[in-house]
Amino acid sequence: MSDKQLLNVTDGSTLGNIEIAPEVIEVIAGIAVSEVAGVASMRGNFASGVAERLGKKNHGKGVKVELTDDGILIDAYVVMDYGISIPDTAQKIQDNTRQALKNMTALEINEINVHIVGVQMETTKEEELETEEY
């Protein structure tokens, strides 16, 4: 694991080191984003879509964490529900993500960028049944 980049969050403890992998931050941020009302889904890549269809839930989907000299940068790629206020929901995403990461890791995040990559239109039960029949 020496080739992976880890965040050292040791707080002057003499008991040893505490390190957090960026993947852990992605999962925490992904769950925090998906908890916000108005978020329809997160955008993932092809591999995460295939894995989800096979039953493996990818909680870090749609979240990119970048560790720089300036600090931690998070990019969240989300699909919003139709009819919600995008600026208000994006602010809630930033607040919820920052709070979840602060509570669970004690890390301060420099930037949380929210990228709206789509809008989910509401579908009725009849429309869902029609698409399943084809």
# chains A, B, ... in the order shown; residues from 1 in each chain; ligands from 1
>>> residues_around(residues="Gly83 (chain A)", least_positions_apart="4", cutoff="10 Å", atoms="only C-alpha atoms", output="list in words")
Gly38, Val119, Gln120, Met121 and Glu122 of chain A
>>> atom_distance(atom1="CA of Ile28 (chain A)", atom2="CA of Ala106 (chain A)")
12.4 Å
>>> atom_distance(atom1="CA of Gln99 (chain A)", atom2="CA of Gly118 (chain A)")
25.0 Å
>>> residues_around(residues="Gly30 (chain A)", least_positions_apart="2", cutoff="8 Å", atoms="only C-alpha atoms", output="PDB file with N, CA and C atoms, in the first residue's frame")
ATOM      1  N   GLU A  26     -14.146   9.381  -0.919  1.00  0.00           N
ATOM      2  CA  GLU A  26     -15.107   9.283  -2.017  1.00  0.00           C
ATOM      3  C   GLU A  26     -16.404   8.626  -1.561  1.00  0.00           C
ATOM      4  N   VAL A  27     -16.300   7.555  -0.798  1.00  0.00           N
ATOM      5  CA  VAL A  27     -17.495   6.846  -0.335  1.00  0.00           C
ATOM      6  C   VAL A  27     -18.305   7.715   0.616  1.00  0.00           C
ATOM      7  N   ILE A  28     -17.647   8.356   1.580  1.00  0.00           N
ATOM      8  CA  ILE A  28     -18.355   9.217   2.532  1.00  0.00           C
ATOM      9  C   ILE A  28     -19.047  10.361   1.787  1.00  0.00           C
ATOM     10  N   ALA A  32     -23.093  11.112   1.350  1.00  0.00           N
ATOM     11  CA  ALA A  32     -23.603  12.419   1.790  1.00  0.00           C
ATOM     12  C   ALA A  32     -24.340  13.129   0.663  1.00  0.00           C
ATOM     13  N   VAL A  33     -23.815  13.064  -0.555  1.00  0.00           N
ATOM     14  CA  VAL A  33     -24.467  13.715  -1.700  1.00  0.00           C
ATOM     15  C   VAL A  33     -25.799  13.042  -2.002  1.00  0.00           C
ATOM     16  N   SER A  34     -25.822  11.719  -2.009  1.00  0.00           N
ATOM     17  CA  SER A  34     -27.048  11.009  -2.373  1.00  0.00           C
ATOM     18  C   SER A  34     -28.146  11.154  -1.328  1.00  0.00           C
ATOM     19  N   HIS A  59     -20.644   3.210  -3.704  1.00  0.00           N
ATOM     20  CA  HIS A  59     -21.038   4.442  -3.024  1.00  0.00           C
ATOM     21  C   HIS A  59     -20.180   5.629  -3.411  1.00  0.00           C
ATOM     22  N   GLY A  60     -19.015   5.402  -3.999  1.00  0.00           N
ATOM     23  CA  GLY A  60     -18.150   6.497  -4.416  1.00  0.00           C
ATOM     24  C   GLY A  60     -18.414   6.970  -5.826  1.00  0.00           C
ATOM     25  N   LYS A  61     -19.425   6.380  -6.464  1.00  0.00           N
ATOM     26  CA  LYS A  61     -19.751   6.719  -7.855  1.00  0.00           C
ATOM     27  C   LYS A  61     -20.131   8.187  -7.974  1.00  0.00           C
ATOM     28  N   GLY A  62     -19.574   8.862  -8.963  1.00  0.00           N
ATOM     29  CA  GLY A  62     -19.922  10.251  -9.205  1.00  0.00           C
ATOM     30  C   GLY A  62     -19.145  11.240  -8.363  1.00  0.00           C
ATOM     31  N   VAL A  63     -18.158  10.772  -7.611  1.00  0.00           N
ATOM     32  CA  VAL A  63     -17.350  11.647  -6.764  1.00  0.00           C
ATOM     33  C   VAL A  63     -15.883  11.455  -7.118  1.00  0.00           C
ATOM     34  N   ALA A  76     -18.330  16.542  -7.350  1.00  0.00           N
ATOM     35  CA  ALA A  76     -19.490  15.655  -7.330  1.00  0.00           C
ATOM     36  C   ALA A  76     -20.273  15.858  -8.620  1.00  0.00           C
TER      37      ALA A  76
END
>>> closest_residue(among="A:Val65, A:Ile20, A:Val78, A:Ile116", to="Val39 (chain A)", atoms="only C-alpha atoms")
A:Val78
>>> residues_around(residues="Leu67 (chain A)", least_positions_apart="5", cutoff="9 Å", atoms="only C-alpha atoms", output="list in words")
Gln5, Leu7, Pro22, Ile72, Leu73 and Ile74 of chain A
>>> write_last_selection(atoms="N, CA and C atoms", output="PDB file, in the first residue's frame")
ATOM      1  N   GLN A   5      -1.652   6.951  -2.315  1.00  0.00           N
ATOM      2  CA  GLN A   5      -1.593   8.207  -1.592  1.00  0.00           C
ATOM      3  C   GLN A   5      -2.589   8.145  -0.433  1.00  0.00           C
ATOM      4  N   LEU A   7      -3.972  10.030   3.340  1.00  0.00           N
ATOM      5  CA  LEU A   7      -3.982  11.248   4.145  1.00  0.00           C
ATOM      6  C   LEU A   7      -3.628  10.883   5.572  1.00  0.00           C
ATOM      7  N   PRO A  22      -7.978   7.964  -0.078  1.00  0.00           N
ATOM      8  CA  PRO A  22      -8.914   8.823  -0.825  1.00  0.00           C
ATOM      9  C   PRO A  22     -10.225   8.123  -1.182  1.00  0.00           C
ATOM     10  N   ILE A  72      -7.702  19.415  -0.023  1.00  0.00           N
ATOM     11  CA  ILE A  72      -8.547  18.385  -0.614  1.00  0.00           C
ATOM     12  C   ILE A  72      -9.619  19.052  -1.474  1.00  0.00           C
ATOM     13  N   LEU A  73      -9.719  18.590  -2.730  1.00  0.00           N
ATOM     14  CA  LEU A  73     -10.734  19.084  -3.659  1.00  0.00           C
ATOM     15  C   LEU A  73     -11.676  17.938  -3.992  1.00  0.00           C
ATOM     16  N   ILE A  74     -12.972  18.210  -3.935  1.00  0.00           N
ATOM     17  CA  ILE A  74     -13.972  17.191  -4.242  1.00  0.00           C
ATOM     18  C   ILE A  74     -14.849  17.694  -5.377  1.00  0.00           C
TER      19      ILE A  74
END
>>> atom_distance(atom1="CA of Met80 (chain A)", atom2="CA of Val36 (chain A)")
10.2 Å
>>> closest_residue(among="A:Thr105, A:Gln91, A:Arg43, A:Glu23", to="Tyr77 (chain A)", atoms="only C-alpha atoms")
A:Arg43
>>> closest_residue(among="A:Asp75, A:Asp81, A:Glu35, A:Asp70", to="Ala100 (chain A)", atoms="only C-alpha atoms")
A:Glu35
>>> select_by_dssp(residues="region 8-114 of chain A", states="alpha helix (DSSP H)", output="number ranges by chain")
A: 22-34, 46-53, 86-105
>>> select_by_dssp(residues="region 21-118 of chain A", states="strand (DSSP E or B)", output="list in words")
Val39, Ala40, Ser41, Met42, Val63, Lys64, Val65, Glu66, Leu67, Thr68, Gly71, Ile72, Leu73, Ile74, Asp75, Ala76, Tyr77, Val78, Val79, Met80, Asp81, Glu111, Ile112, Asn113, Val114, His115, Ile116, Val117 and Gly118 of chain A
